[in-house]
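Student: Handing you this structure, nothing more for now.
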Amino acid sequence: MRFNGTMRRGLGGTAAAVAVMAALTASQAPGLVSHDATPKKPEKSDEVTWSQVPNDDSYHTELPPLRPPEPPKAGVKQSPVAARSWAEAGIPATVLAAYRKAEGALGKTDPGCRLPWQLLAAIGKVESGQAGGGRVDAHGTTLTPILGPVLNGAGFATIPDTDNGVYDGDRSYDRAVGPMQFIPSTWAHWGKDGNGDGRRDPANIYDAALAAGYYLCAGPRDLSVKADLDRAILSYNHSDTYLRTVLSWLEFYRKGSHPVADGKGTVPKSPGAGGPNKPEHPVGGPGAPGGGIIVGPQPSGSPHPSPSATPKPSGSPTGSPDPTGSPDPTGSPDP
């Protein structure tokens, strides 16, 4: 999420087209926002600039239960399979509210994208386990920093510091930050203020979810179209494993989900940000196929961060970064 002013989150290696899972179910949980009447986006090319830095692809690889979630019945003991399915379908209330709010915002500013909140939930699950099980305060800011591995070349890529440690606390090397795992330089390019507090903080789920939504909706993408959906997910992390994992959680959440108390969500066991187990090497291991990181996409016409712009602390107790000077394009993502 750093080079060429583009996003740096993704593993890479193969640029080949990926065969993905069977068609996603159209069934949705009650209360989902409908996009049936939204206009289509204009027909034009989705220009994407890809760059690669090998060996930075930390994300959770756990797959959802195959069984759709069903509410427990009073007086009936749940089987372990049913209990796990119901638990995994629980999304911390504040985190879920942030996903829904981002969907609503994109529905107004970019209705042709048809962003489903379940896609944000799927990516949030894979990137950080829904902010580490929903360990956020009432404003949506994580209670403790959620950081990816230090990108100092020790097993992972080498990405020198771009934010003077403002976002990730490291003045030597960059680290992915927050529940949606933005690299600081990418956040400077795409950051959004999703909760209206005047700051753009990658550690805040409202800000991060809105930024991720804009990023996924880059260019002319219509996420109700399978090819565009795949392209959007691969732009976040260019890996067939990542694509299949995110699509699996997308399908799972479309079959049903429910809010749980903040801090009571399921914490992933696989190594990755937001969980207790820290990754020691990229997903798939060093040198494995698809074991690189992708920098992209770069929607045509989107602004580039000024090379002279340096993030400044907001002075708030939470250490939220001051967004002054960050570009805020309308109609294109801002992670």
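The way I read the labels, and the way they are meant: chains A, B, ... in the order of the structure tokens, residue 1 as the first residue of every chain, and ligand 1 as the first ligand shown, with later ones counted on from there.
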According to DSSP computed on the backbone, where in range 169-203 of chain A is there helix (DSSP H, G or I)? Give the residues as a PyMOL selection string.

Tutor: chain A and resi 184-190

Student: Output C-alpha atoms of each residue in that selection to a file, as a short mmCIF file (atom, residue, chain, number, x, y, z; two decimals), in the first residue's frame.

Tutor:
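What ended up in again_35.cif:
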data_model
loop_
_atom_site.label_atom_id
_atom_site.label_comp_id
_atom_site.auth_asym_id
_atom_site.auth_seq_id
_atom_site.Cartn_x
_atom_site.Cartn_y
_atom_site.Cartn_z
CA PRO A 184 0.49 3.88 6.50
CA SER A 185 1.30 5.22 3.04
CA THR A 186 -1.86 3.64 1.67
CA TRP A 187 -3.88 5.18 4.47
CA ALA A 188 -2.42 8.59 3.61
CA HIS A 189 -3.78 8.05 0.10
CA TRP A 190 -7.18 6.56 0.92
#

Student: Which residue is closest to Gly124 in chain A? Choose from A:Lys77, A:Leu229, A:Asp163, A:Tyr206 and count only C-alpha atoms.

Tutor: A:Tyr206

Student: Dump as a Markdown table the rows for residues of range 178-233 of chain A within 8 Å of range 115-119 of chain A: closest atom pair and distance in Å with one decimal, only C-alpha atoms counted, ordered by chain and rising residue number.

Tutor:
| residue | atom | partner | partner_atom | distance |
| --- | --- | --- | --- | --- |
| A:Gly213 | CA | A:Leu115 | CA | 7.1 |
| A:Cys217 | CA | A:Leu115 | CA | 7.2 |
| A:Asp222 | CA | A:Leu115 | CA | 7.9 |
| A:Leu223 | CA | A:Leu115 | CA | 6.0 |
| A:Ser224 | CA | A:Leu115 | CA | 7.9 |

Student: Could you name the residues that touch range 271-276 of chain A at 12 Å or less, counting only C-alpha atoms, but leaving out those on the same chain fewer than 3 positions away, as a PyMOL selection string?

Tutor: chain A and resi 56-62+124-136+142-150+175-182+203+263+265-268+279-284

Student: Please, could you write that set of residues out with N, CA and C atoms as a tab-separated table (two decimals), in the first residue's frame?

Tutor:
chain	number	residue	atom	x	y	z
A	56	ASP	N	5.18	-10.47	1.90
A	56	ASP	CA	4.38	-9.80	2.93
A	56	ASP	C	2.92	-10.12	2.65
A	57	ASP	N	2.41	-11.10	3.33
A	57	ASP	CA	1.04	-11.52	3.05
A	57	ASP	C	0.40	-12.12	4.30
A	58	SER	N	0.43	-11.38	5.39
A	58	SER	CA	-0.13	-11.86	6.64
A	58	SER	C	-1.65	-11.65	6.66
A	59	TYR	N	-2.38	-12.72	6.82
A	59	TYR	CA	-3.84	-12.65	7.00
A	59	TYR	C	-4.31	-13.98	7.57
A	60	HIS	N	-5.51	-13.99	8.11
A	60	HIS	CA	-6.05	-15.21	8.72
A	60	HIS	C	-6.61	-16.13	7.64
A	61	THR	N	-6.33	-17.39	7.79
A	61	THR	CA	-6.71	-18.38	6.77
A	61	THR	C	-7.84	-19.30	7.20
A	62	GLU	N	-8.39	-19.11	8.38
A	62	GLU	CA	-9.48	-19.97	8.83
A	62	GLU	C	-10.71	-19.81	7.95
A	124	GLY	N	-12.81	-7.91	6.91
A	124	GLY	CA	-12.47	-7.62	8.30
A	124	GLY	C	-12.20	-8.88	9.08
A	125	LYS	N	-12.91	-9.96	8.76
A	125	LYS	CA	-12.67	-11.24	9.43
A	125	LYS	C	-11.30	-11.79	9.07
A	126	VAL	N	-10.97	-11.74	7.80
A	126	VAL	CA	-9.70	-12.30	7.33
A	126	VAL	C	-8.51	-11.44	7.76
A	127	GLU	N	-8.70	-10.14	7.77
A	127	GLU	CA	-7.58	-9.25	8.09
A	127	GLU	C	-7.28	-9.18	9.59
A	128	SER	N	-8.32	-9.14	10.43
A	128	SER	CA	-8.06	-8.92	11.86
A	128	SER	C	-9.00	-9.66	12.79
A	129	GLY	N	-9.81	-10.59	12.26
A	129	GLY	CA	-10.76	-11.27	13.14
A	129	GLY	C	-11.79	-10.32	13.71
A	130	GLN	N	-12.33	-9.43	12.84
A	130	GLN	CA	-13.30	-8.41	13.26
A	130	GLN	C	-12.75	-7.57	14.40
A	131	ALA	N	-11.59	-6.98	14.17
A	131	ALA	CA	-10.93	-6.13	15.17
A	131	ALA	C	-10.67	-6.91	16.45
A	132	GLY	N	-10.14	-8.12	16.28
A	132	GLY	CA	-9.78	-8.93	17.45
A	132	GLY	C	-10.97	-9.29	18.31
A	133	GLY	N	-12.08	-9.65	17.65
A	133	GLY	CA	-13.28	-10.00	18.42
A	133	GLY	C	-14.07	-8.79	18.87
A	134	GLY	N	-13.79	-7.63	18.28
A	134	GLY	CA	-14.55	-6.42	18.62
A	134	GLY	C	-14.00	-5.68	19.81
A	135	ARG	N	-12.68	-5.69	19.97
A	135	ARG	CA	-12.07	-4.96	21.07
A	135	ARG	C	-11.92	-3.48	20.68
A	136	VAL	N	-13.07	-2.80	20.69
A	136	VAL	CA	-13.13	-1.39	20.31
A	136	VAL	C	-13.91	-0.63	21.36
A	142	THR	N	-9.90	0.87	18.23
A	142	THR	CA	-9.41	-0.34	18.90
A	142	THR	C	-8.81	0.01	20.26
A	143	LEU	N	-9.04	-0.84	21.24
A	143	LEU	CA	-8.56	-0.59	22.60
A	143	LEU	C	-7.06	-0.70	22.69
A	144	THR	N	-6.48	-1.55	21.88
A	144	THR	CA	-5.04	-1.66	21.76
A	144	THR	C	-4.70	-1.70	20.27
A	145	PRO	N	-3.49	-1.29	19.90
A	145	PRO	CA	-3.15	-1.28	18.47
A	145	PRO	C	-3.22	-2.68	17.85
A	146	ILE	N	-3.75	-2.74	16.63
A	146	ILE	CA	-3.74	-3.97	15.84
A	146	ILE	C	-2.72	-3.76	14.73
A	147	LEU	N	-1.60	-4.45	14.83
A	147	LEU	CA	-0.49	-4.22	13.92
A	147	LEU	C	-0.07	-5.49	13.21
A	148	GLY	N	0.25	-5.36	11.94
A	148	GLY	CA	0.84	-6.46	11.20
A	148	GLY	C	2.32	-6.57	11.54
A	149	PRO	N	3.01	-7.53	10.93
A	149	PRO	CA	4.44	-7.72	11.22
A	149	PRO	C	5.28	-6.52	10.78
A	150	VAL	N	6.38	-6.34	11.44
A	150	VAL	CA	7.32	-5.27	11.06
A	150	VAL	C	7.91	-5.62	9.70
A	175	ARG	N	4.28	-0.91	9.10
A	175	ARG	CA	3.49	-2.08	9.50
A	175	ARG	C	2.05	-1.82	9.09
A	176	ALA	N	1.33	-2.86	8.73
A	176	ALA	CA	-0.10	-2.71	8.47
A	176	ALA	C	-0.80	-2.36	9.78
A	177	VAL	N	-1.82	-1.50	9.70
A	177	VAL	CA	-2.42	-0.94	10.90
A	177	VAL	C	-3.94	-1.13	10.90
A	178	GLY	N	-4.47	-1.44	12.07
A	178	GLY	CA	-5.90	-1.37	12.31
A	178	GLY	C	-6.70	-2.58	11.87
A	179	PRO	N	-8.01	-2.52	12.08
A	179	PRO	CA	-8.88	-3.67	11.80
A	179	PRO	C	-8.95	-4.06	10.33
A	180	MET	N	-8.66	-3.12	9.41
A	180	MET	CA	-8.66	-3.45	7.99
A	180	MET	C	-7.25	-3.50	7.42
A	181	GLN	N	-6.24	-3.38	8.29
A	181	GLN	CA	-4.83	-3.59	7.96
A	181	GLN	C	-4.34	-2.75	6.78
A	182	PHE	N	-4.31	-1.44	7.01
A	182	PHE	CA	-3.77	-0.52	6.03
A	182	PHE	C	-2.30	-0.24	6.29
A	203	ALA	N	-7.02	3.01	12.91
A	203	ALA	CA	-7.35	2.15	14.04
A	203	ALA	C	-8.82	2.25	14.43
A	263	GLY	N	-16.15	-7.04	21.95
A	263	GLY	CA	-15.18	-7.81	22.72
A	263	GLY	C	-15.55	-9.26	22.91
A	265	GLY	N	-16.64	-11.26	20.23
A	265	GLY	CA	-16.60	-11.96	18.97
A	265	GLY	C	-15.57	-13.08	18.99
A	266	THR	N	-15.66	-13.96	18.01
A	266	THR	CA	-14.72	-15.08	17.92
A	266	THR	C	-13.35	-14.57	17.48
A	267	VAL	N	-12.33	-14.90	18.25
A	267	VAL	CA	-10.96	-14.49	17.93
A	267	VAL	C	-10.29	-15.60	17.12
A	268	PRO	N	-9.72	-15.27	15.98
A	268	PRO	CA	-9.10	-16.30	15.13
A	268	PRO	C	-7.89	-16.94	15.80
A	279	PRO	N	2.17	-13.85	13.18
A	279	PRO	CA	2.76	-14.55	12.04
A	279	PRO	C	4.29	-14.43	12.05
A	280	GLU	N	4.95	-15.52	11.71
A	280	GLU	CA	6.41	-15.53	11.65
A	280	GLU	C	6.91	-15.52	10.22
A	281	HIS	N	6.03	-15.80	9.29
A	281	HIS	CA	6.41	-15.80	7.88
A	281	HIS	C	5.15	-15.56	7.05
A	282	PRO	N	5.30	-15.18	5.80
A	282	PRO	CA	4.14	-14.95	4.94
A	282	PRO	C	3.28	-16.20	4.79
A	283	VAL	N	2.02	-16.00	4.49
A	283	VAL	CA	1.12	-17.12	4.27
A	283	VAL	C	1.66	-17.99	3.14
A	284	GLY	N	1.72	-19.29	3.35
A	284	GLY	CA	2.24	-20.19	2.33
A	284	GLY	C	3.71	-20.44	2.46

Student: Looking at A:Tyr215, A:Ala227, A:Arg171, A:Gly153, which one is nearest to Lys192 in chain A, with distances taken over only C-alpha atoms?

Tutor: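 Residue with the minimum atom-to-atom distance to Lys192 in chain A: A:Tyr215.
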
Student: Quick one: residues within 9 Å of Leu247 in chain A, only C-alpha atoms, excluding same-chain residues fewer than 2 positions away - as a VMD selection string?

Tutor: chain A and resid 20 to 21 24 119 122 230 233 242 to 245 249 to 252

Student: Using DSSP on the backbone, list every residue of range 10-253 of chain A that comes out as strand (DSSP E), and give them as a VMD selection string.

Tutor: chain A and resid 11 to 12 51 to 54 90 to 92

Student: Residues at most 12 Å from Ala83 in chain A, counting only C-alpha atoms, excluding those fewer than 4 positions away in the same chain, as a VMD selection string?

Tutor: chain A and resid 65 67 to 73 76 to 79 87 to 90 266

Student: May I ask for the distance between CA of Asp207 in chain A and CA of Tyr99 in chain A, given in Å to one decimal place?

Tutor: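 CA of Tyr99 in chain A lies at a distance of 10.0 Å from CA of Asp207 in chain A.
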
Student: Contacts of Leu151 in chain A at 7 Å or less, counting only C-alpha atoms, minus same-chain residues fewer than 5 places along, as an MDAnalysis selection string?

Tutor: chainID A and resid 156:159 173:175

Student: Have a look at A:Asn152, A:Gly191, A:Lys278, A:Lys108 and name the one nearest to Ile205 in chain A; count only C-alpha atoms.

Tutor: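 So, comparing all the options, the nearest one is A:Gly191.
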
Student: Report the distance between CA of Ala93 in chain A and CA of His258 in chain A in Å, rounded to one decimal place.

Tutor: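 Answer for the CA of Ala93 in chain A to CA of His258 in chain A separation: 8.4 Å.
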